[in-house]
>>> print(open('query-v5.cif').read())   # mmCIF, C-alpha atoms
data_target
loop_
_atom_site.group_PDB
_atom_site.id
_atom_site.type_symbol
_atom_site.label_atom_id
_atom_site.label_comp_id
_atom_site.auth_asym_id
_atom_site.auth_seq_id
_atom_site.Cartn_x
_atom_site.Cartn_y
_atom_site.Cartn_z
ATOM 1 C CA ASP A 1 113.672 115.324 85.034
ATOM 2 C CA ILE A 2 112.001 116.313 88.284
ATOM 3 C CA ASP A 3 114.666 114.704 90.459
ATOM 4 C CA ASP A 4 117.471 116.383 88.493
ATOM 5 C CA VAL A 5 116.042 119.820 89.228
ATOM 6 C CA ILE A 6 115.603 118.864 92.889
ATOM 7 C CA THR A 7 119.197 117.647 93.263
ATOM 8 C CA LYS A 8 121.011 119.998 90.891
ATOM 9 C CA GLY A 9 118.825 123.092 91.145
ATOM 10 C CA GLY A 10 116.976 125.236 88.641
ATOM 11 C CA PHE A 11 118.138 128.424 86.956
ATOM 12 C CA GLU A 12 119.570 129.711 90.238
ATOM 13 C CA ARG A 13 122.464 127.232 89.921
ATOM 14 C CA PHE A 14 123.897 129.189 86.957
ATOM 15 C CA CYS A 15 125.962 131.977 88.465
ATOM 16 C CA GLU A 16 127.123 135.148 86.718
ATOM 17 C CA ASP A 17 130.748 134.115 87.208
ATOM 18 C CA GLY A 18 130.137 131.067 84.996
ATOM 19 C CA ILE A 19 130.253 128.585 87.852
ATOM 20 C CA ILE A 20 127.425 126.141 88.441
ATOM 21 C CA ARG A 21 126.460 125.734 92.085
ATOM 22 C CA ALA A 22 124.240 122.811 93.033
ATOM 23 C CA PRO A 23 122.221 122.878 96.237
ATOM 24 C CA LYS A 24 124.024 121.456 99.249
ATOM 25 C CA GLY A 25 122.809 118.203 100.740
ATOM 26 C CA PRO A 26 122.532 117.534 104.456
ATOM 27 C CA TRP A 27 125.725 117.700 106.534
ATOM 28 C CA TRP A 28 125.684 113.904 106.961
ATOM 29 C CA GLU A 29 125.490 113.133 103.215
ATOM 30 C CA THR A 30 129.120 111.946 102.994
ATOM 31 C CA MET A 31 128.507 109.467 105.822
ATOM 32 C CA TYR A 32 125.389 108.273 103.991
ATOM 33 C CA GLU A 33 127.470 107.765 100.853
ATOM 34 C CA TYR A 34 129.906 105.392 102.561
ATOM 35 C CA SER A 35 127.911 103.708 105.324
ATOM 36 C CA PHE A 36 125.068 101.241 105.016
ATOM 37 C CA ILE A 37 124.364 101.730 108.724
ATOM 38 C CA VAL A 38 123.824 105.470 108.181
ATOM 39 C CA ARG A 39 121.554 104.630 105.240
ATOM 40 C CA ILE A 40 119.430 102.314 107.409
ATOM 41 C CA ILE A 41 119.169 105.009 110.087
ATOM 42 C CA ALA A 42 118.326 107.715 107.515
ATOM 43 C CA HIS A 43 115.602 105.686 105.813
ATOM 44 C CA ASN A 44 114.089 103.797 108.745
ATOM 45 C CA ILE A 45 114.405 106.271 111.621
ATOM 46 C CA PHE A 46 114.484 109.699 109.955
ATOM 47 C CA ARG A 47 112.242 108.543 107.087
ATOM 48 C CA VAL A 48 114.097 110.251 104.258
ATOM 49 C CA ASP A 49 113.821 109.031 100.673
ATOM 50 C CA TYR A 50 116.637 108.268 98.227
ATOM 51 C CA LEU A 51 117.136 112.021 97.674
ATOM 52 C CA LEU A 52 117.529 112.432 101.451
ATOM 53 C CA LEU A 53 114.265 114.363 101.748
ATOM 54 C CA THR A 54 111.447 113.954 104.226
ATOM 55 C CA LYS A 55 107.954 113.534 102.815
ATOM 56 C CA SER A 56 107.102 117.226 103.324
ATOM 57 C CA GLN A 57 110.437 118.370 101.844
ATOM 58 C CA ARG A 58 109.836 116.099 98.876
ATOM 59 C CA LEU A 59 106.362 117.545 98.194
ATOM 60 C CA LYS A 60 107.685 121.131 98.276
ATOM 61 C CA SER A 61 110.682 120.217 96.125
ATOM 62 C CA VAL A 62 108.565 118.431 93.519
ATOM 63 C CA GLU A 63 106.213 121.407 93.234
ATOM 64 C CA LYS A 64 109.134 123.821 92.801
ATOM 65 C CA SER A 65 110.779 121.487 90.288
ATOM 66 C CA ILE A 66 107.593 121.195 88.219
ATOM 67 C CA ASN A 67 107.253 124.991 88.120
ATOM 68 C CA THR A 68 110.881 125.308 87.005
ATOM 69 C CA LEU A 69 110.429 122.695 84.288
ATOM 70 C CA GLU A 70 107.207 124.290 83.012
ATOM 71 C CA HIS A 71 108.994 127.647 82.781
ATOM 72 C CA SER A 72 111.872 125.942 80.950
ATOM 73 C CA LEU A 73 109.460 124.379 78.460
ATOM 74 C CA ASP A 74 107.918 127.765 77.744
ATOM 75 C CA LEU A 75 111.341 129.334 77.218
ATOM 76 C CA PHE A 76 112.494 126.488 75.002
ATOM 77 C CA HIS A 77 109.293 126.539 72.957
ATOM 78 C CA GLY A 78 109.601 130.304 72.505
ATOM 79 C CA LEU A 79 113.223 129.968 71.421
ATOM 80 C CA CYS A 80 112.254 127.353 68.840
ATOM 81 C CA LEU A 81 109.426 129.501 67.498
ATOM 82 C CA LYS A 82 111.705 132.522 67.250
ATOM 83 C CA ASN A 83 114.233 130.501 65.258
ATOM 84 C CA LYS A 84 111.640 128.642 63.158
ATOM 85 C CA ILE A 85 112.571 125.262 64.648
ATOM 86 C CA ARG A 86 109.973 122.549 65.173
ATOM 87 C CA CYS A 87 109.713 121.889 68.888
ATOM 88 C CA ILE A 88 108.592 118.443 70.053
ATOM 89 C CA PHE A 89 108.652 117.416 73.706
ATOM 90 C CA LEU A 90 109.358 113.727 74.224
ATOM 91 C CA PHE A 91 108.054 111.838 77.246
ATOM 92 C CA HIS A 92 109.435 108.365 77.809
ATOM 93 C CA PRO A 93 109.046 106.121 80.822
ATOM 94 C CA CYS A 94 111.719 104.816 83.127
ATOM 95 C CA VAL A 95 111.526 101.165 84.079
ATOM 96 C CA PHE A 96 109.910 101.914 87.466
ATOM 97 C CA GLU A 97 107.181 103.930 85.707
ATOM 98 C CA ILE A 98 106.275 100.933 83.554
ATOM 99 C CA ILE A 99 106.075 98.818 86.709
ATOM 100 C CA GLN A 100 103.914 101.336 88.605
ATOM 101 C CA ASP A 101 101.877 102.112 85.445
ATOM 102 C CA SER A 102 102.196 105.874 85.752
ATOM 103 C CA MET A 103 104.730 108.504 84.843
ATOM 104 C CA GLU A 104 106.223 110.790 87.469
ATOM 105 C CA CYS A 105 106.292 113.657 84.960
ATOM 106 C CA ASN A 106 102.551 113.431 84.302
ATOM 107 C CA PRO A 107 101.906 117.010 85.544
ATOM 108 C CA ILE A 108 104.527 118.322 83.107
ATOM 109 C CA GLN A 109 103.067 116.315 80.247
ATOM 110 C CA GLN A 110 99.608 117.678 81.072
ATOM 111 C CA TYR A 111 101.084 121.191 81.021
ATOM 112 C CA VAL A 112 102.516 120.565 77.543
ATOM 113 C CA GLN A 113 99.114 119.334 76.354
ATOM 114 C CA LYS A 114 97.306 122.298 77.931
ATOM 115 C CA LYS A 115 99.671 124.713 76.184
ATOM 116 C CA GLY A 116 99.124 122.923 72.860
ATOM 117 C CA TYR A 117 102.794 122.085 72.449
ATOM 118 C CA GLU A 118 103.705 119.151 70.242
ATOM 119 C CA GLU A 119 104.615 116.000 72.142
ATOM 120 C CA ILE A 120 105.556 112.370 71.724
ATOM 121 C CA ASP A 121 104.130 110.083 74.421
ATOM 122 C CA LEU A 122 106.280 106.959 74.431
ATOM 123 C CA PHE A 123 104.597 105.673 77.600
ATOM 124 C CA SER A 124 101.355 105.118 75.670
ATOM 125 C CA PHE A 125 103.308 103.832 72.664
ATOM 126 C CA TYR A 126 105.177 101.306 74.807
ATOM 127 C CA LYS A 127 101.970 100.071 76.404
ATOM 128 C CA LYS A 128 100.305 99.761 73.001
ATOM 129 C CA HIS A 129 103.282 97.749 71.767
ATOM 130 C CA GLY A 130 103.260 95.303 74.644
ATOM 131 C CA ILE A 131 105.660 96.558 77.289
ATOM 132 C CA LYS A 132 104.222 95.700 80.695
ATOM 133 C CA PRO A 133 105.628 94.963 84.166
ATOM 134 C CA GLU A 134 105.901 91.242 83.421
ATOM 135 C CA ASN A 135 108.206 91.722 80.419
ATOM 136 C CA VAL A 136 109.912 95.027 81.247
ATOM 137 C CA ASN A 137 113.317 93.320 81.487
ATOM 138 C CA ASN A 138 113.039 92.493 77.787
ATOM 139 C CA TYR A 139 113.362 96.251 77.103
ATOM 140 C CA TYR A 140 115.381 97.634 80.030
ATOM 141 C CA TRP A 141 118.590 96.452 81.701
ATOM 142 C CA SER A 142 117.800 95.115 85.168
ATOM 143 C CA ILE A 143 121.100 96.447 86.542
ATOM 144 C CA ASP A 144 120.760 100.157 85.753
ATOM 145 C CA GLY A 145 117.245 100.554 84.343
ATOM 146 C CA HIS A 146 118.359 102.002 81.003
ATOM 147 C CA HIS A 147 116.996 100.684 77.730
ATOM 148 C CA ASN A 148 118.658 97.643 76.232
ATOM 149 C CA SER A 149 118.861 97.166 72.446
ATOM 150 C CA ALA A 150 115.205 96.047 72.192
ATOM 151 C CA GLY A 151 114.138 99.051 74.282
ATOM 152 C CA TYR A 152 116.105 101.512 72.185
ATOM 153 C CA ALA A 153 114.729 99.925 69.013
ATOM 154 C CA LEU A 154 111.160 100.471 70.261
ATOM 155 C CA PHE A 155 112.121 103.981 71.417
ATOM 156 C CA ALA A 156 113.344 104.803 67.899
ATOM 157 C CA LYS A 157 110.316 103.147 66.298
ATOM 158 C CA GLY A 158 107.995 105.288 68.418
ATOM 159 C CA ILE A 159 109.694 108.489 67.346
ATOM 160 C CA ALA A 160 109.802 107.386 63.698
ATOM 161 C CA CYS A 161 106.116 106.449 63.721
ATOM 162 C CA TYR A 162 105.231 109.846 65.158
ATOM 163 C CA LEU A 163 107.386 111.791 62.716
ATOM 164 C CA ASN A 164 106.154 109.762 59.754
ATOM 165 C CA ARG A 165 102.561 110.121 60.991
ATOM 166 C CA GLU A 166 102.181 106.346 61.049
ATOM 167 C CA SER A 167 99.916 104.546 63.458
ATOM 168 C CA PHE A 168 101.172 105.557 66.855
#
>>> encode(input="query-v5.cif", output="structure tokens")
Amino acid sequence: DIDDVITKGGFERFCEDGIIRAPKGPWWETMYEYSFIVRIIAHNIFRVDYLLLTKSQRLKSVEKSINTLEHSLDLFHGLCLKNKIRCIFLFHPCVFEIIQDSMECNPIQQYVQKKGYEEIDLFSFYKKHGIKPENVNNYYWSIDGHHNSAGYALFAKGIACYLNRESF
């Protein structure tokens, strides 16, 4: 997840002493956490996004995150090969990606395809099986954006179809 690497860090967060150290947020982050007024100021005056980044910080962070994730994929794929384990990378859309009709992780998915790694593209599967912005709440909870039972059923069906080499 691109945002996870941005907020939690890449490999540098794993310290030799066994402690995990996440990057520090801005000094005013605690105020942002508790105050809607600070949130309004942060978003409307200082123009930071939900990760508290300016547009230029966001672009740099996304690029670094993508590089970290690509390196991780290579390491994971190599580990699987070494241990004779089938490695399949799964790409599935969040609710907002269905609504905007594009996946945020598209550069990572393209990297996987370029490297010839095996992948499951549930975004295409979902679209082929009728998930669209108008009916997205039939498959995702509106409160938290996670799959509901119908969404998880389609998620499982997509994986099963791929593994059984059925019409995907």
>>> resolve_selection(input="query-v5.cif", expression="the PyMOL selection byres ((chain A and resi 22) around 6)", output="PyMOL selection string")
chain A and resi 8-9+13+21+23
>>> closest_residue(input="query-v5.cif", among="A:Tyr152, A:Tyr162, A:Tyr140, A:Phe11", to="Ile98 (chain A)", atoms="all atoms listed in the file")
A:Tyr140
>>> closest_residue(input="query-v5.cif", among="A:Ile45, A:Ile85, A:Ile40, A:Ile108", to="Glu70 (chain A)", atoms="only C-alpha atoms")
A:Ile108
>>> closest_residue(input="query-v5.cif", among="A:Leu163, A:Ile120, A:Cys94, A:Val5", to="His146 (chain A)", atoms="all atoms listed in the file")
A:Cys94
>>> closest_residue(input="query-v5.cif", among="A:Gly18, A:Arg165, A:Leu154, A:His77", to="Gly130 (chain A)", atoms="only C-alpha atoms")
A:Leu154
>>> resolve_selection(input="query-v5.cif", expression="the PyMOL selection byres ((chain A and resi 86) around 12)", output="count of residues only")
17
>>> atom_distance(input="query-v5.cif", atom1="CA of Ile66 (chain A)", atom2="CA of Phe91 (chain A)")
14.4 Å
>>> residues_around(input="query-v5.cif", residues="Pro93 (chain A)", least_positions_apart="5", cutoff="12 Å", atoms="all atoms listed in the file", output="PyMOL selection string")
chain A and resi 1+98-106+109+120-127+131-132+136+139-140+145-147+151+155
>>> atom_distance(input="query-v5.cif", atom1="CA of Ser149 (chain A)", atom2="CA of Asp4 (chain A)")
25.1 Å
>>> resolve_selection(input="query-v5.cif", expression="the PyMOL selection byres ((chain A and resi 46-55) around 12)", output="MDAnalysis selection string")
chainID A and resid 2:8 24:30 32:33 38:45 56:62
>>> write_last_selection(input="query-v5.cif", atoms="C-alpha atoms", output="tab-separated table (two decimals), in the frame of the given file")
chain	number	residue	atom	x	y	z
A	2	ILE	CA	112.00	116.31	88.28
A	3	ASP	CA	114.67	114.70	90.46
A	4	ASP	CA	117.47	116.38	88.49
A	5	VAL	CA	116.04	119.82	89.23
A	6	ILE	CA	115.60	118.86	92.89
A	7	THR	CA	119.20	117.65	93.26
A	8	LYS	CA	121.01	120.00	90.89
A	24	LYS	CA	124.02	121.46	99.25
A	25	GLY	CA	122.81	118.20	100.74
A	26	PRO	CA	122.53	117.53	104.46
A	27	TRP	CA	125.72	117.70	106.53
A	28	TRP	CA	125.68	113.90	106.96
A	29	GLU	CA	125.49	113.13	103.22
A	30	THR	CA	129.12	111.95	102.99
A	32	TYR	CA	125.39	108.27	103.99
A	33	GLU	CA	127.47	107.76	100.85
A	38	VAL	CA	123.82	105.47	108.18
A	39	ARG	CA	121.55	104.63	105.24
A	40	ILE	CA	119.43	102.31	107.41
A	41	ILE	CA	119.17	105.01	110.09
A	42	ALA	CA	118.33	107.72	107.52
A	43	HIS	CA	115.60	105.69	105.81
A	44	ASN	CA	114.09	103.80	108.74
A	45	ILE	CA	114.40	106.27	111.62
A	56	SER	CA	107.10	117.23	103.32
A	57	GLN	CA	110.44	118.37	101.84
A	58	ARG	CA	109.84	116.10	98.88
A	59	LEU	CA	106.36	117.54	98.19
A	60	LYS	CA	107.68	121.13	98.28
A	61	SER	CA	110.68	120.22	96.12
A	62	VAL	CA	108.56	118.43	93.52
>>> atom_distance(input="query-v5.cif", atom1="CA of Asn148 (chain A)", atom2="CA of Cys161 (chain A)")
19.8 Å
